[in-house]
Structures are given as C-alpha cells and as structure tokens.
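**Q** For reference, this is query-v6.pdb, and it has PDB, C-alpha atoms and all ligand atoms.
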```pdb
ATOM      1  CA  MET A1178      -8.532  12.060   7.998  1.00  0.00           C
ATOM      2  CA  THR A1179      -8.485   8.347   8.460  1.00  0.00           C
ATOM      3  CA  ARG A1180      -5.773   6.347  10.109  1.00  0.00           C
ATOM      4  CA  TYR A1181      -5.228   3.104   8.284  1.00  0.00           C
ATOM      5  CA  GLU A1182      -2.695   0.407   7.605  1.00  0.00           C
ATOM      6  CA  VAL A1183      -1.899  -1.070   4.230  1.00  0.00           C
ATOM      7  CA  SER A1184      -0.062  -4.362   4.088  1.00  0.00           C
ATOM      8  CA  VAL A1185       1.317  -6.463   1.265  1.00  0.00           C
ATOM      9  CA  GLU A1186       1.815 -10.154   2.026  1.00  0.00           C
ATOM     10  CA  LYS A1187       4.970 -11.118   0.158  1.00  0.00           C
ATOM     11  CA  ASP A1188       4.028 -14.789  -0.090  1.00  0.00           C
ATOM     12  CA  ALA A1189       0.803 -13.874  -1.844  1.00  0.00           C
ATOM     13  CA  CYS A1190       2.230 -11.184  -4.113  1.00  0.00           C
ATOM     14  CA  ASP A1191       2.903 -12.396  -7.621  1.00  0.00           C
ATOM     15  CA  GLY A1192       4.425  -9.259  -9.095  1.00  0.00           C
ATOM     16  CA  ILE A1193       1.482  -8.650 -11.383  1.00  0.00           C
ATOM     17  CA  PHE A1194       1.435  -4.926 -10.530  1.00  0.00           C
ATOM     18  CA  ALA A1195      -2.252  -4.252 -11.008  1.00  0.00           C
ATOM     19  CA  CYS A1196      -1.956  -2.362  -7.727  1.00  0.00           C
ATOM     20  CA  LEU A1197       0.484   0.209  -9.107  1.00  0.00           C
ATOM     21  CA  THR A1198      -2.019   1.659 -11.521  1.00  0.00           C
ATOM     22  CA  ARG A1199      -4.655   2.104  -8.800  1.00  0.00           C
ATOM     23  CA  ASP A1200      -2.476   3.702  -6.146  1.00  0.00           C
ATOM     24  CA  PRO A1201       0.946   5.156  -7.027  1.00  0.00           C
ATOM     25  CA  ARG A1202       2.216   4.553  -3.513  1.00  0.00           C
ATOM     26  CA  PHE A1203       2.679   0.935  -4.548  1.00  0.00           C
ATOM     27  CA  VAL A1204       5.967   0.446  -6.373  1.00  0.00           C
ATOM     28  CA  GLU A1205       8.078  -2.433  -7.600  1.00  0.00           C
ATOM     29  CA  GLY A1206      10.631  -3.401  -4.988  1.00  0.00           C
ATOM     30  CA  GLU A1207      14.123  -4.733  -5.584  1.00  0.00           C
ATOM     31  CA  ASP A1208      12.806  -8.272  -5.148  1.00  0.00           C
ATOM     32  CA  GLY A1209      10.362  -7.838  -8.040  1.00  0.00           C
ATOM     33  CA  LEU A1210       7.381  -7.779  -5.697  1.00  0.00           C
ATOM     34  CA  ALA A1211       5.178  -4.887  -4.736  1.00  0.00           C
ATOM     35  CA  THR A1212       6.252  -2.640  -1.910  1.00  0.00           C
ATOM     36  CA  ILE A1213       4.931   0.636  -0.532  1.00  0.00           C
ATOM     37  CA  ASP A1214       6.778   3.925  -0.834  1.00  0.00           C
ATOM     38  CA  PRO A1215       4.918   6.923   0.580  1.00  0.00           C
ATOM     39  CA  ASN A1216       7.258   9.247  -1.307  1.00  0.00           C
ATOM     40  CA  ALA A1217       6.749   7.562  -4.666  1.00  0.00           C
ATOM     41  CA  ASP A1218       3.744   9.672  -5.549  1.00  0.00           C
ATOM     42  CA  PRO A1219       4.861  13.083  -6.799  1.00  0.00           C
ATOM     43  CA  ILE A1220       1.315  14.427  -6.901  1.00  0.00           C
ATOM     44  CA  TYR A1221       0.534  14.087  -3.227  1.00  0.00           C
ATOM     45  CA  ASP A1222       2.674  15.021  -0.313  1.00  0.00           C
ATOM     46  CA  CYS A1223       1.875  11.954   1.688  1.00  0.00           C
ATOM     47  CA  GLU A1224       3.527  10.615   4.755  1.00  0.00           C
ATOM     48  CA  GLY A1225       3.604   7.129   6.079  1.00  0.00           C
ATOM     49  CA  ASP A1226       5.616   4.804   8.256  1.00  0.00           C
ATOM     50  CA  VAL A1227       6.720   1.710   6.418  1.00  0.00           C
ATOM     51  CA  THR A1228       7.844  -1.509   8.055  1.00  0.00           C
ATOM     52  CA  ASP A1229       9.422  -4.067   5.750  1.00  0.00           C
ATOM     53  CA  THR A1230       9.876  -7.611   7.049  1.00  0.00           C
ATOM     54  CA  PRO A1231      10.514 -10.887   5.189  1.00  0.00           C
ATOM     55  CA  GLU A1232       6.800 -11.683   5.474  1.00  0.00           C
ATOM     56  CA  ARG A1233       5.117  -8.416   4.631  1.00  0.00           C
ATOM     57  CA  VAL A1234       5.334  -4.687   4.057  1.00  0.00           C
ATOM     58  CA  VAL A1235       3.102  -2.638   6.352  1.00  0.00           C
ATOM     59  CA  ALA A1236       2.547   1.089   5.901  1.00  0.00           C
ATOM     60  CA  ALA A1237       0.560   3.309   8.258  1.00  0.00           C
ATOM     61  CA  PHE A1238      -1.075   6.419   6.836  1.00  0.00           C
ATOM     62  CA  ASP A1239      -3.094   9.290   8.222  1.00  0.00           C
ATOM     63  CA  ASP A1240      -4.754  10.898   5.205  1.00  0.00           C
ATOM     64  CA  ASP A1241      -7.842  10.782   3.019  1.00  0.00           C
ATOM     65  CA  ARG A1242      -6.554   8.268   0.497  1.00  0.00           C
ATOM     66  CA  ILE A1243      -7.850   5.044   1.970  1.00  0.00           C
ATOM     67  CA  ASP A1244     -10.123   4.576  -1.050  1.00  0.00           C
ATOM     68  CA  GLU A1245      -7.133   4.470  -3.392  1.00  0.00           C
ATOM     69  CA  ALA A1246      -5.509   1.831  -1.230  1.00  0.00           C
ATOM     70  CA  ARG A1247      -8.777  -0.110  -1.209  1.00  0.00           C
ATOM     71  CA  GLN A1248      -8.967   0.058  -5.001  1.00  0.00           C
ATOM     72  CA  ALA A1249      -5.438  -1.312  -5.220  1.00  0.00           C
ATOM     73  CA  ALA A1250      -6.417  -4.099  -2.816  1.00  0.00           C
ATOM     74  CA  ALA A1251      -9.512  -4.896  -4.877  1.00  0.00           C
ATOM     75  CA  ALA A1252      -7.469  -4.955  -8.085  1.00  0.00           C
ATOM     76  CA  CYS A1253      -4.909  -7.401  -6.710  1.00  0.00           C
ATOM     77  CA  PRO A1254      -5.685 -10.799  -8.232  1.00  0.00           C
ATOM     78  CA  THR A1255      -4.025 -12.676  -5.388  1.00  0.00           C
ATOM     79  CA  ASP A1256      -5.542 -10.646  -2.524  1.00  0.00           C
ATOM     80  CA  ALA A1257      -2.057  -9.835  -1.282  1.00  0.00           C
ATOM     81  CA  ILE A1258      -3.068  -6.341  -0.138  1.00  0.00           C
ATOM     82  CA  VAL A1259      -5.011  -5.744   3.060  1.00  0.00           C
ATOM     83  CA  VAL A1260      -6.316  -2.308   4.059  1.00  0.00           C
ATOM     84  CA  GLU A1261      -7.476  -1.799   7.634  1.00  0.00           C
ATOM     85  CA  GLU A1262      -8.749   1.250   9.454  1.00  0.00           C
ATOM     86  CA  VAL A1263      -7.023   1.637  12.782  1.00  0.00           C
ATOM     87  CA  GLY A1264      -9.162   4.370  14.340  1.00  0.00           C
ATOM     88  CA  GLU A1265      -9.212   8.152  14.260  1.00  0.00           C
TER      89      GLU A1265
HETATM   90  S1  LIG B1301      -1.438  -6.450  -7.626  1.00  0.00           S
HETATM   91 FE1  LIG B1301      -1.107  -7.842  -5.882  1.00  0.00          FE
HETATM   92  S2  LIG B1301       0.141  -9.505  -6.719  1.00  0.00           S
HETATM   93 FE2  LIG B1301       0.281  -7.766  -8.115  1.00  0.00          FE
HETATM   94  S3  LIG B1301       2.117  -6.655  -7.487  1.00  0.00           S
HETATM   95 FE3  LIG B1301       0.343  -5.707  -6.479  1.00  0.00          FE
HETATM   96  S4  LIG B1301       0.269  -6.752  -4.491  1.00  0.00           S
HETATM   97 FE4  LIG B1301       1.529  -8.014  -5.796  1.00  0.00          FE
END
```
As structure tokens - that is how I would like this structure written.
Ligand code: SF4

**A**
Amino acid sequence: MTRYEVSVEKDACDGIFACLTRDPRFVEGEDGLATIDPNADPIYDCEGDVTDTPERVVAAFDDDRIDEARQAAAACPTDAIVVEEVGE
C-alpha cells in the first residue's frame, strides 16, 4: 500500500475531463470543474479523505491505485493534478 495525496488546482482546471477516463475517482463537481470522490468508483471499495477549499481539492489515499492517479495527472492538459507520495 502506498500513502499518497492527489490534488486538483481549481485555477488550473479547465473542465476538460480527460482525467475522468483515466481514474474514475475524478468526477465533475457542481462548479463544472474536476473534483475527487473516493466513493464514485463502484468497482473498487476505496477510501480517502477529501478536503475541498476554494483553491484546490486534496484527497489522501492509502491503497495501490497511485498509478491510476498518475495517469490522470499525466492526461490533464493543464497539469492541474498533482500526485505525491507521502510515505508508508
Ligand atoms: S483533465 Fe485536468 S483540466 Fe480536465 S477536468 Fe481533469 S483536472 Fe481539470
């Protein structure tokens, strides 16, 4: 298991939603920008703590899906998604 944080910078997000197809934990928020919902993926039982501020959405996970989050980050044309390992 890897502990990691996924953040979406709202200023940078353009609502293009390339991220959604790479990692189903990314969803469209009420503001038309990407947000993170750990419960949005019916296939995996994943848990995460989500903090939503005016600047960014940050979600902390402790699972083996960091590669999916990284693929979503790589697919984002505006580099709005940052994935960081935060230790074991
Ligand atoms: S791919 Fe990037 S710009 Fe598009 S919705 Fe996702 S985070 Fe926002």

**Q** Please identify every polymer residue within 12 Å of ligand LIG 1301 (chain B), using all atoms listed in the file, and present the set as a PyMOL selection string.

**A** chain A and resi 1183-1206+1208-1213+1233-1235+1246-1260

**Q** Those same residues, written as a PDB file, in the coordinates of the input with C-alpha atoms?

**A**
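Dumped to part.pdb:
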```
ATOM      1  CA  VAL A1183      -1.899  -1.070   4.230  1.00  0.00           C
ATOM      2  CA  SER A1184      -0.062  -4.362   4.088  1.00  0.00           C
ATOM      3  CA  VAL A1185       1.317  -6.463   1.265  1.00  0.00           C
ATOM      4  CA  GLU A1186       1.815 -10.154   2.026  1.00  0.00           C
ATOM      5  CA  LYS A1187       4.970 -11.118   0.158  1.00  0.00           C
ATOM      6  CA  ASP A1188       4.028 -14.789  -0.090  1.00  0.00           C
ATOM      7  CA  ALA A1189       0.803 -13.874  -1.844  1.00  0.00           C
ATOM      8  CA  CYS A1190       2.230 -11.184  -4.113  1.00  0.00           C
ATOM      9  CA  ASP A1191       2.903 -12.396  -7.621  1.00  0.00           C
ATOM     10  CA  GLY A1192       4.425  -9.259  -9.095  1.00  0.00           C
ATOM     11  CA  ILE A1193       1.482  -8.650 -11.383  1.00  0.00           C
ATOM     12  CA  PHE A1194       1.435  -4.926 -10.530  1.00  0.00           C
ATOM     13  CA  ALA A1195      -2.252  -4.252 -11.008  1.00  0.00           C
ATOM     14  CA  CYS A1196      -1.956  -2.362  -7.727  1.00  0.00           C
ATOM     15  CA  LEU A1197       0.484   0.209  -9.107  1.00  0.00           C
ATOM     16  CA  THR A1198      -2.019   1.659 -11.521  1.00  0.00           C
ATOM     17  CA  ARG A1199      -4.655   2.104  -8.800  1.00  0.00           C
ATOM     18  CA  ASP A1200      -2.476   3.702  -6.146  1.00  0.00           C
ATOM     19  CA  PRO A1201       0.946   5.156  -7.027  1.00  0.00           C
ATOM     20  CA  ARG A1202       2.216   4.553  -3.513  1.00  0.00           C
ATOM     21  CA  PHE A1203       2.679   0.935  -4.548  1.00  0.00           C
ATOM     22  CA  VAL A1204       5.967   0.446  -6.373  1.00  0.00           C
ATOM     23  CA  GLU A1205       8.078  -2.433  -7.600  1.00  0.00           C
ATOM     24  CA  GLY A1206      10.631  -3.401  -4.988  1.00  0.00           C
ATOM     25  CA  ASP A1208      12.806  -8.272  -5.148  1.00  0.00           C
ATOM     26  CA  GLY A1209      10.362  -7.838  -8.040  1.00  0.00           C
ATOM     27  CA  LEU A1210       7.381  -7.779  -5.697  1.00  0.00           C
ATOM     28  CA  ALA A1211       5.178  -4.887  -4.736  1.00  0.00           C
ATOM     29  CA  THR A1212       6.252  -2.640  -1.910  1.00  0.00           C
ATOM     30  CA  ILE A1213       4.931   0.636  -0.532  1.00  0.00           C
ATOM     31  CA  ARG A1233       5.117  -8.416   4.631  1.00  0.00           C
ATOM     32  CA  VAL A1234       5.334  -4.687   4.057  1.00  0.00           C
ATOM     33  CA  VAL A1235       3.102  -2.638   6.352  1.00  0.00           C
ATOM     34  CA  ALA A1246      -5.509   1.831  -1.230  1.00  0.00           C
ATOM     35  CA  ARG A1247      -8.777  -0.110  -1.209  1.00  0.00           C
ATOM     36  CA  GLN A1248      -8.967   0.058  -5.001  1.00  0.00           C
ATOM     37  CA  ALA A1249      -5.438  -1.312  -5.220  1.00  0.00           C
ATOM     38  CA  ALA A1250      -6.417  -4.099  -2.816  1.00  0.00           C
ATOM     39  CA  ALA A1251      -9.512  -4.896  -4.877  1.00  0.00           C
ATOM     40  CA  ALA A1252      -7.469  -4.955  -8.085  1.00  0.00           C
ATOM     41  CA  CYS A1253      -4.909  -7.401  -6.710  1.00  0.00           C
ATOM     42  CA  PRO A1254      -5.685 -10.799  -8.232  1.00  0.00           C
ATOM     43  CA  THR A1255      -4.025 -12.676  -5.388  1.00  0.00           C
ATOM     44  CA  ASP A1256      -5.542 -10.646  -2.524  1.00  0.00           C
ATOM     45  CA  ALA A1257      -2.057  -9.835  -1.282  1.00  0.00           C
ATOM     46  CA  ILE A1258      -3.068  -6.341  -0.138  1.00  0.00           C
ATOM     47  CA  VAL A1259      -5.011  -5.744   3.060  1.00  0.00           C
ATOM     48  CA  VAL A1260      -6.316  -2.308   4.059  1.00  0.00           C
TER      49      VAL A1260
END
```

**Q** Name the residues that the PyMOL selection byres (((chain A and resi 1263) around 10) and not hetatm) picks from the file above, as a list in words, using the file's chain letters and numbers.

**A**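 Those residues are Thr1179, Arg1180, Tyr1181, Glu1182, Ala1237, Phe1238, Asp1239, Val1260, Glu1261, Glu1262, Gly1264 and Glu1265 of chain A.
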
**Q** One decimal, Å: what's the distance from CA of Arg1242 (chain A) over to CA of Tyr1221 (chain A), could you say?

**A**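 It comes out at 9.9 Å.
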
**Q** CA of Val1227 (chain A) and CA of Asp1214 (chain A), how far apart in Å?

**A** 7.6 Å

**Q** Quick one: pull the distance between CA of Asp1240 (chain A) and CA of Cys1223 (chain A), Å, one decimal.

**A** 7.6 Å

**Q** Can you sort out the box for region 1194-1203 of chain A, edges along x, y and z, all listed atoms in, 5 Å on every side, with centre and edge lengths in Å to one decimal, as AutoDock Vina command-line options?

**A**
```
--center_x -1.0 --center_y 0.1 --center_z -7.5 --size_x 17.3 --size_y 20.1 --size_z 18.0
```
